[in-house]
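Novice: Just so it is clear, I am handing over coords07.pdb, which has PDB, C-alpha atoms.
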```
ATOM      1  CA  MET I   1     -21.641  30.627  83.327
ATOM      2  CA  ALA I   2     -25.187  30.548  81.992
ATOM      3  CA  GLU I   3     -26.636  27.230  80.903
ATOM      4  CA  GLN I   4     -28.390  26.738  77.567
ATOM      5  CA  LYS I   5     -32.118  26.836  78.404
ATOM      6  CA  ALA I   6     -33.589  27.217  74.919
ATOM      7  CA  THR I   7     -34.222  23.941  73.115
ATOM      8  CA  ASN I   8     -34.773  23.157  69.438
ATOM      9  CA  VAL I   9     -32.357  25.887  68.314
ATOM     10  CA  THR I  10     -29.816  25.503  65.525
ATOM     11  CA  TRP I  11     -26.766  27.636  64.754
ATOM     12  CA  HIS I  12     -26.967  29.239  61.297
ATOM     13  CA  ASP I  13     -23.802  30.210  59.463
ATOM     14  CA  HIS I  14     -23.817  33.563  57.664
ATOM     15  CA  ALA I  15     -23.424  34.012  53.916
ATOM     16  CA  VAL I  16     -20.917  36.810  54.615
ATOM     17  CA  SER I  17     -17.769  35.653  56.407
ATOM     18  CA  LYS I  18     -15.966  37.422  59.230
ATOM     19  CA  ALA I  19     -12.983  37.976  56.926
ATOM     20  CA  GLU I  20     -15.256  39.662  54.367
ATOM     21  CA  ARG I  21     -16.751  41.925  57.025
ATOM     22  CA  TRP I  22     -13.263  42.845  58.227
ATOM     23  CA  ALA I  23     -12.196  43.590  54.667
ATOM     24  CA  LEU I  24     -15.136  45.980  54.283
ATOM     25  CA  SER I  25     -14.170  47.717  57.550
ATOM     26  CA  GLY I  26     -10.562  48.001  56.430
ATOM     27  CA  HIS I  27      -9.340  46.521  59.720
ATOM     28  CA  LYS I  28      -9.869  43.553  62.000
ATOM     29  CA  GLY I  29     -12.464  43.428  64.749
ATOM     30  CA  ALA I  30     -11.534  42.838  68.387
ATOM     31  CA  ILE I  31     -12.545  43.552  71.968
ATOM     32  CA  LEU I  32     -10.469  46.002  74.002
ATOM     33  CA  TRP I  33     -11.423  44.997  77.529
ATOM     34  CA  PHE I  34     -10.598  47.736  80.058
ATOM     35  CA  THR I  35     -10.686  46.393  83.609
ATOM     36  CA  GLY I  36      -9.837  48.011  86.930
ATOM     37  CA  LEU I  37     -11.274  49.502  90.075
ATOM     38  CA  SER I  38     -14.072  52.052  90.064
ATOM     39  CA  ALA I  39     -12.559  55.495  89.253
ATOM     40  CA  SER I  40      -9.384  53.890  87.883
ATOM     41  CA  GLY I  41      -9.882  55.742  84.600
ATOM     42  CA  LYS I  42     -11.310  52.900  82.486
ATOM     43  CA  SER I  43     -14.205  54.787  80.910
ATOM     44  CA  THR I  44     -12.223  57.984  80.456
ATOM     45  CA  VAL I  45      -9.356  56.294  78.615
ATOM     46  CA  ALA I  46     -11.755  54.056  76.659
ATOM     47  CA  ASN I  47     -13.633  57.089  75.363
ATOM     48  CA  VAL I  48     -10.448  58.923  74.367
ATOM     49  CA  VAL I  49      -9.244  55.789  72.540
ATOM     50  CA  ASP I  50     -12.634  55.613  70.823
ATOM     51  CA  HIS I  51     -12.387  59.262  69.728
ATOM     52  CA  LYS I  52      -8.823  58.898  68.466
ATOM     53  CA  LEU I  53      -9.586  55.716  66.518
ATOM     54  CA  HIS I  54     -12.727  57.255  65.036
ATOM     55  CA  SER I  55     -10.690  60.221  63.849
ATOM     56  CA  LEU I  56      -8.375  57.713  62.126
ATOM     57  CA  GLY I  57     -11.382  56.299  60.242
ATOM     58  CA  LYS I  58     -11.677  53.119  62.314
ATOM     59  CA  ARG I  59     -14.992  51.503  63.229
ATOM     60  CA  THR I  60     -15.398  51.479  67.007
ATOM     61  CA  TYR I  61     -18.052  51.341  69.705
ATOM     62  CA  VAL I  62     -17.765  51.817  73.473
ATOM     63  CA  LEU I  63     -19.669  49.456  75.758
ATOM     64  CA  ASP I  64     -19.639  51.226  79.130
ATOM     65  CA  GLY I  65     -20.518  49.528  82.416
ATOM     66  CA  ASP I  66     -23.091  52.023  83.695
ATOM     67  CA  ASN I  67     -24.681  52.515  80.270
ATOM     68  CA  ILE I  68     -25.121  48.765  79.748
ATOM     69  CA  ARG I  69     -26.653  48.395  83.206
ATOM     70  CA  MET I  70     -29.255  51.010  82.259
ATOM     71  CA  GLY I  71     -30.365  48.982  79.239
ATOM     72  CA  LEU I  72     -29.312  45.468  78.248
ATOM     73  CA  ASN I  73     -28.414  44.443  81.810
ATOM     74  CA  LYS I  74     -30.831  46.557  83.851
ATOM     75  CA  ASN I  75     -32.238  43.406  85.445
ATOM     76  CA  LEU I  76     -28.887  42.530  87.058
ATOM     77  CA  GLY I  77     -27.555  43.566  90.450
ATOM     78  CA  PHE I  78     -24.055  43.262  91.926
ATOM     79  CA  SER I  79     -24.025  39.785  93.461
ATOM     80  CA  ALA I  80     -21.227  37.497  92.248
ATOM     81  CA  GLU I  81     -23.774  35.650  90.079
ATOM     82  CA  ASP I  82     -25.155  38.850  88.555
ATOM     83  CA  ARG I  83     -21.662  40.233  87.954
ATOM     84  CA  ALA I  84     -20.782  37.010  86.109
ATOM     85  CA  GLU I  85     -23.909  37.240  83.951
ATOM     86  CA  ASN I  86     -23.265  40.930  83.288
ATOM     87  CA  ILE I  87     -19.807  40.117  81.935
ATOM     88  CA  ARG I  88     -21.037  37.050  80.017
ATOM     89  CA  ARG I  89     -23.611  39.140  78.151
ATOM     90  CA  ILE I  90     -21.087  41.854  77.368
ATOM     91  CA  GLY I  91     -18.659  39.245  76.103
ATOM     92  CA  GLU I  92     -21.276  37.890  73.720
ATOM     93  CA  VAL I  93     -22.202  41.384  72.495
ATOM     94  CA  GLY I  94     -18.532  42.281  72.091
ATOM     95  CA  LYS I  95     -17.973  39.101  70.074
ATOM     96  CA  LEU I  96     -20.759  40.155  67.680
ATOM     97  CA  PHE I  97     -19.182  43.596  67.260
ATOM     98  CA  ALA I  98     -15.733  42.086  66.668
ATOM     99  CA  GLY I  99     -17.127  39.679  64.101
ATOM    100  CA  ALA I 100     -18.714  42.606  62.270
ATOM    101  CA  GLY I 101     -15.335  44.335  61.939
ATOM    102  CA  VAL I 102     -15.776  46.768  64.814
ATOM    103  CA  LEU I 103     -13.302  47.442  67.619
ATOM    104  CA  ALA I 104     -15.531  46.990  70.668
ATOM    105  CA  ILE I 105     -14.101  48.995  73.547
ATOM    106  CA  THR I 106     -15.435  47.909  76.935
ATOM    107  CA  ALA I 107     -15.051  49.592  80.309
ATOM    108  CA  PHE I 108     -16.109  47.298  83.153
ATOM    109  CA  ILE I 109     -14.722  46.719  86.624
ATOM    110  CA  SER I 110     -15.129  42.976  85.839
ATOM    111  CA  PRO I 111     -13.437  42.036  89.125
ATOM    112  CA  TYR I 112     -13.194  38.267  88.667
ATOM    113  CA  ARG I 113     -10.533  36.610  86.504
ATOM    114  CA  ARG I 114     -12.713  33.625  85.633
ATOM    115  CA  ASP I 115     -15.342  35.908  84.067
ATOM    116  CA  ARG I 116     -12.789  37.809  81.975
ATOM    117  CA  ASP I 117     -11.124  34.535  80.962
ATOM    118  CA  ALA I 118     -14.503  33.165  79.868
ATOM    119  CA  VAL I 119     -14.923  36.155  77.526
ATOM    120  CA  ARG I 120     -11.399  35.634  76.173
ATOM    121  CA  ALA I 121     -12.336  32.015  75.420
ATOM    122  CA  LEU I 122     -15.207  33.202  73.179
ATOM    123  CA  LEU I 123     -12.785  34.790  70.720
ATOM    124  CA  GLU I 124      -9.928  33.741  68.482
ATOM    125  CA  PRO I 125      -6.366  34.403  69.677
ATOM    126  CA  GLY I 126      -5.486  38.088  69.325
ATOM    127  CA  GLU I 127      -9.118  39.251  69.291
ATOM    128  CA  PHE I 128      -9.351  39.853  73.075
ATOM    129  CA  ILE I 129      -7.106  42.599  74.405
ATOM    130  CA  GLU I 130      -7.191  42.854  78.189
ATOM    131  CA  VAL I 131      -6.219  46.346  79.318
ATOM    132  CA  PHE I 132      -5.563  46.604  83.050
ATOM    133  CA  MET I 133      -5.979  50.090  84.508
ATOM    134  CA  ASN I 134      -3.433  49.718  87.273
ATOM    135  CA  THR I 135      -4.539  52.599  89.491
ATOM    136  CA  PRO I 136      -3.876  52.370  93.256
ATOM    137  CA  LEU I 137      -6.962  52.136  95.471
ATOM    138  CA  GLU I 138      -6.005  55.334  97.306
ATOM    139  CA  VAL I 139      -5.930  57.239  93.998
ATOM    140  CA  CYS I 140      -9.332  55.847  92.999
ATOM    141  CA  GLU I 141     -10.747  56.791  96.405
ATOM    142  CA  ALA I 142      -9.331  60.301  96.154
ATOM    143  CA  ARG I 143     -11.017  60.751  92.767
ATOM    144  CA  ASP I 144     -14.345  59.120  93.747
ATOM    145  CA  PRO I 145     -16.365  61.087  91.135
ATOM    146  CA  LYS I 146     -19.628  59.321  92.011
ATOM    147  CA  GLY I 147     -19.085  59.331  95.786
ATOM    148  CA  LEU I 148     -19.258  55.522  95.809
ATOM    149  CA  TYR I 149     -16.142  54.878  97.900
ATOM    150  CA  LYS I 150     -17.394  57.291 100.542
ATOM    151  CA  LYS I 151     -20.724  55.444 100.666
ATOM    152  CA  ALA I 152     -18.974  52.062 100.751
ATOM    153  CA  ARG I 153     -16.721  53.153 103.621
ATOM    154  CA  ALA I 154     -19.815  54.372 105.474
ATOM    155  CA  GLY I 155     -21.481  50.982 104.983
ATOM    156  CA  GLN I 156     -24.171  52.399 102.693
ATOM    157  CA  ILE I 157     -23.053  50.181  99.776
ATOM    158  CA  LYS I 158     -22.356  46.505 100.381
ATOM    159  CA  GLY I 159     -20.145  44.326  98.178
ATOM    160  CA  PHE I 160     -18.221  47.261  96.711
ATOM    161  CA  THR I 161     -15.151  46.175  94.739
ATOM    162  CA  GLY I 162     -11.907  47.085  96.449
ATOM    163  CA  ILE I 163     -13.555  47.755  99.813
ATOM    164  CA  ASP I 164     -15.556  44.708 100.914
ATOM    165  CA  ASP I 165     -15.509  42.713  97.674
ATOM    166  CA  PRO I 166     -12.311  41.525  95.939
ATOM    167  CA  TYR I 167     -10.743  42.728  92.719
ATOM    168  CA  GLU I 168      -8.642  40.067  91.010
ATOM    169  CA  ALA I 169      -6.048  41.841  88.876
ATOM    170  CA  PRO I 170      -5.219  40.248  85.517
ATOM    171  CA  GLU I 171      -2.240  37.903  85.606
ATOM    172  CA  LYS I 172      -1.226  38.256  81.933
ATOM    173  CA  PRO I 173      -2.996  41.265  80.405
ATOM    174  CA  GLU I 174      -2.021  42.443  76.954
ATOM    175  CA  LEU I 175      -1.576  45.973  78.327
ATOM    176  CA  VAL I 176      -1.017  47.470  81.777
ATOM    177  CA  LEU I 177      -1.723  51.193  82.034
ATOM    178  CA  ASP I 178      -0.542  53.380  84.894
ATOM    179  CA  GLY I 179      -3.783  55.132  85.820
ATOM    180  CA  THR I 180      -1.894  58.038  87.399
ATOM    181  CA  LYS I 181      -0.493  59.162  84.018
ATOM    182  CA  PRO I 182      -2.185  61.713  81.700
ATOM    183  CA  ILE I 183      -5.211  60.309  79.854
ATOM    184  CA  ASP I 184      -3.946  61.238  76.377
ATOM    185  CA  GLU I 185      -0.677  59.437  77.034
ATOM    186  CA  LEU I 186      -2.525  56.277  78.097
ATOM    187  CA  ALA I 187      -4.807  56.391  75.051
ATOM    188  CA  ASP I 188      -1.779  56.709  72.799
ATOM    189  CA  GLU I 189      -0.233  53.640  74.469
ATOM    190  CA  VAL I 190      -3.336  51.640  73.570
ATOM    191  CA  ILE I 191      -3.334  52.837  69.964
ATOM    192  CA  ALA I 192       0.401  52.115  69.625
ATOM    193  CA  TYR I 193      -0.302  48.552  70.797
ATOM    194  CA  LEU I 194      -3.130  48.140  68.250
ATOM    195  CA  LYS I 195      -0.873  49.399  65.455
ATOM    196  CA  ALA I 196       1.955  47.099  66.507
ATOM    197  CA  LYS I 197      -0.423  44.108  66.388
ATOM    198  CA  GLY I 198      -1.818  45.090  62.974
ATOM    199  CA  LEU I 199      -5.308  45.717  64.316
ATOM    200  CA  VAL I 200      -5.495  49.281  62.973
TER     201      VAL I 200
END
```
Show the structure stored in the file as C-alpha cells.
Specialist:
Amino acid sequence: MAEQKATNVTWHDHAVSKAERWALSGHKGAILWFTGLSASGKSTVANVVDHKLHSLGKRTYVLDGDNIRMGLNKNLGFSAEDRAENIRRIGEVGKLFAGAGVLAITAFISPYRRDRDAVRALLEPGEFIEVFMNTPLEVCEARDPKGLYKKARAGQIKGFTGIDDPYEAPEKPELVLDGTKPIDELADEVIAYLKAKGLV
C-alpha cells in the first residue's frame, strides 16, 4: 500500500465523536463493498440498495468504479499497482463516509483479496460488509453492456479481469449474492442483512 510521504503532519481528533455523528444520522455508518467481475451486477444492485435505503430515510452514498475513475482517481490506470491505489483511496473515502454516519455503498471489481482486506483493516469490526456478486463469467460475458469482454477477447484490452488478469473471489464475505437472480430480490437480501445486524 501507499507509503506516508508527507512529513510534519499531526492527526487531529474531532470535537464531534463518531458515535455522536451516528446518533444524528439515526443509524450507524459502514461500507457495503460490492465486488465481482465486470457486468456481474455490482453497480446495478448497489444503486437499487441505495434507492431503497434512501426511501427508508437512511443516509447513503454510492461510490461507483467508473465514476470515481473520472474524478478522484482519473490519474490511475489498470496495472496491479494502480488498481491497489484505486482501492486504497476508495477505502479511505469510504471510511470518512462511515465515520460521518453514512452507509457508503461501493461497486468496484477490486479483484485482489489483499486490497479488499486492507480496506477492511481500516474499519472497526462490523463496519466493512463485503458483498460478493457471484455471477458466472459466461453470464457476465453474455451481458457485456460496455462491450469490454468482446474487446478483451479480441486482444484490444490487456489485463482485463476474468480474461487475462485474475479475479480473487472473497474467502469469507459477509454476503454472497447470486448475480443471476432478479435485482430487486438481491437488493432486498442486502437490506435484510443490514437490518439483522442493526445497521439500519
Novice: List the residues matched by the PyMOL selection byres ((chain I and resi 168) around 12) in the displayed structure as number ranges by chain, ordered by chain and then by residue number.
Specialist: I: 35-37, 109-117, 132, 134, 161-162, 165-167, 169-172
Novice: If we count all atoms listed in the file and set the cut-off at 10 Å, which residues sit around Arg89 (chain I), ignoring sequence neighbours fewer than 2 positions away in its own chain? Please answer as a CSV table (one decimal) with C-alpha atoms, keeping the file's coordinate frame.
Specialist:
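result14.csv written:
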```
chain,number,residue,atom,x,y,z
I,2,ALA,CA,-25.2,30.5,82.0
I,68,ILE,CA,-25.1,48.8,79.7
I,72,LEU,CA,-29.3,45.5,78.2
I,73,ASN,CA,-28.4,44.4,81.8
I,84,ALA,CA,-20.8,37.0,86.1
I,85,GLU,CA,-23.9,37.2,84.0
I,86,ASN,CA,-23.3,40.9,83.3
I,87,ILE,CA,-19.8,40.1,81.9
I,91,GLY,CA,-18.7,39.2,76.1
I,92,GLU,CA,-21.3,37.9,73.7
I,93,VAL,CA,-22.2,41.4,72.5
I,94,GLY,CA,-18.5,42.3,72.1
I,95,LYS,CA,-18.0,39.1,70.1
I,119,VAL,CA,-14.9,36.2,77.5
```
Novice: May I have the residues within 8 Å of Val139 (chain I) as an mmCIF file with C-alpha atoms, in the coordinates of the input, using all atoms listed in the file and disregarding those fewer than 4 positions away in the same chain?
Specialist:
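Written file, selection-v5.cif:
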```
data_model
loop_
_atom_site.group_PDB
_atom_site.id
_atom_site.type_symbol
_atom_site.label_atom_id
_atom_site.label_comp_id
_atom_site.auth_asym_id
_atom_site.auth_seq_id
_atom_site.Cartn_x
_atom_site.Cartn_y
_atom_site.Cartn_z
ATOM 1 C CA SER I 40 -9.384 53.890 87.883
ATOM 2 C CA THR I 135 -4.539 52.599 89.491
ATOM 3 C CA ARG I 143 -11.017 60.751 92.767
ATOM 4 C CA THR I 180 -1.894 58.038 87.399
#
```
Novice: Just so the selection is clear, what residues does the PyMOL selection byres ((chain I and resi 24-30) around 8) cover here, as a list in words?
Specialist: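 Output of the PyMOL selection byres ((chain I and resi 24-30) around 8): Glu20, Arg21, Trp22, Ala23, Ile31, Leu32, Lys58, Arg59, Gly94, Lys95, Phe97, Ala98, Gly99, Ala100, Gly101, Val102, Leu103, Ala104, Gly126, Glu127, Phe128, Ile129, Leu199 and Val200 of chain I.
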Novice: Find the residues with any atom within 12 Å of (-8.2, 56.3, 64.0); use all atoms listed in the file and the coordinates as given in the file, and write the answer as a list in words.
Specialist: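 Output of the proximity query reads Gly26, His27, Val48, Val49, Asp50, His51, Lys52, Leu53, His54, Ser55, Leu56, Gly57, Lys58, Arg59, Thr60, Leu103, Ala187, Asp188, Val190, Ile191, Ala192, Leu194, Lys195, Leu199 and Val200 of chain I.
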Novice: Distance CA of Val131 (chain I)-CA of Phe34 (chain I), one decimal place?
Specialist: 4.7 Å
Novice: Name the residues that the PyMOL selection byres ((chain I and resi 145-147) around 12) picks from the file above, as an MDAnalysis selection string, using the file's chain letters and numbers.
Specialist: chainID I and resid 38:41 44 66 139:144 148:154 156:157
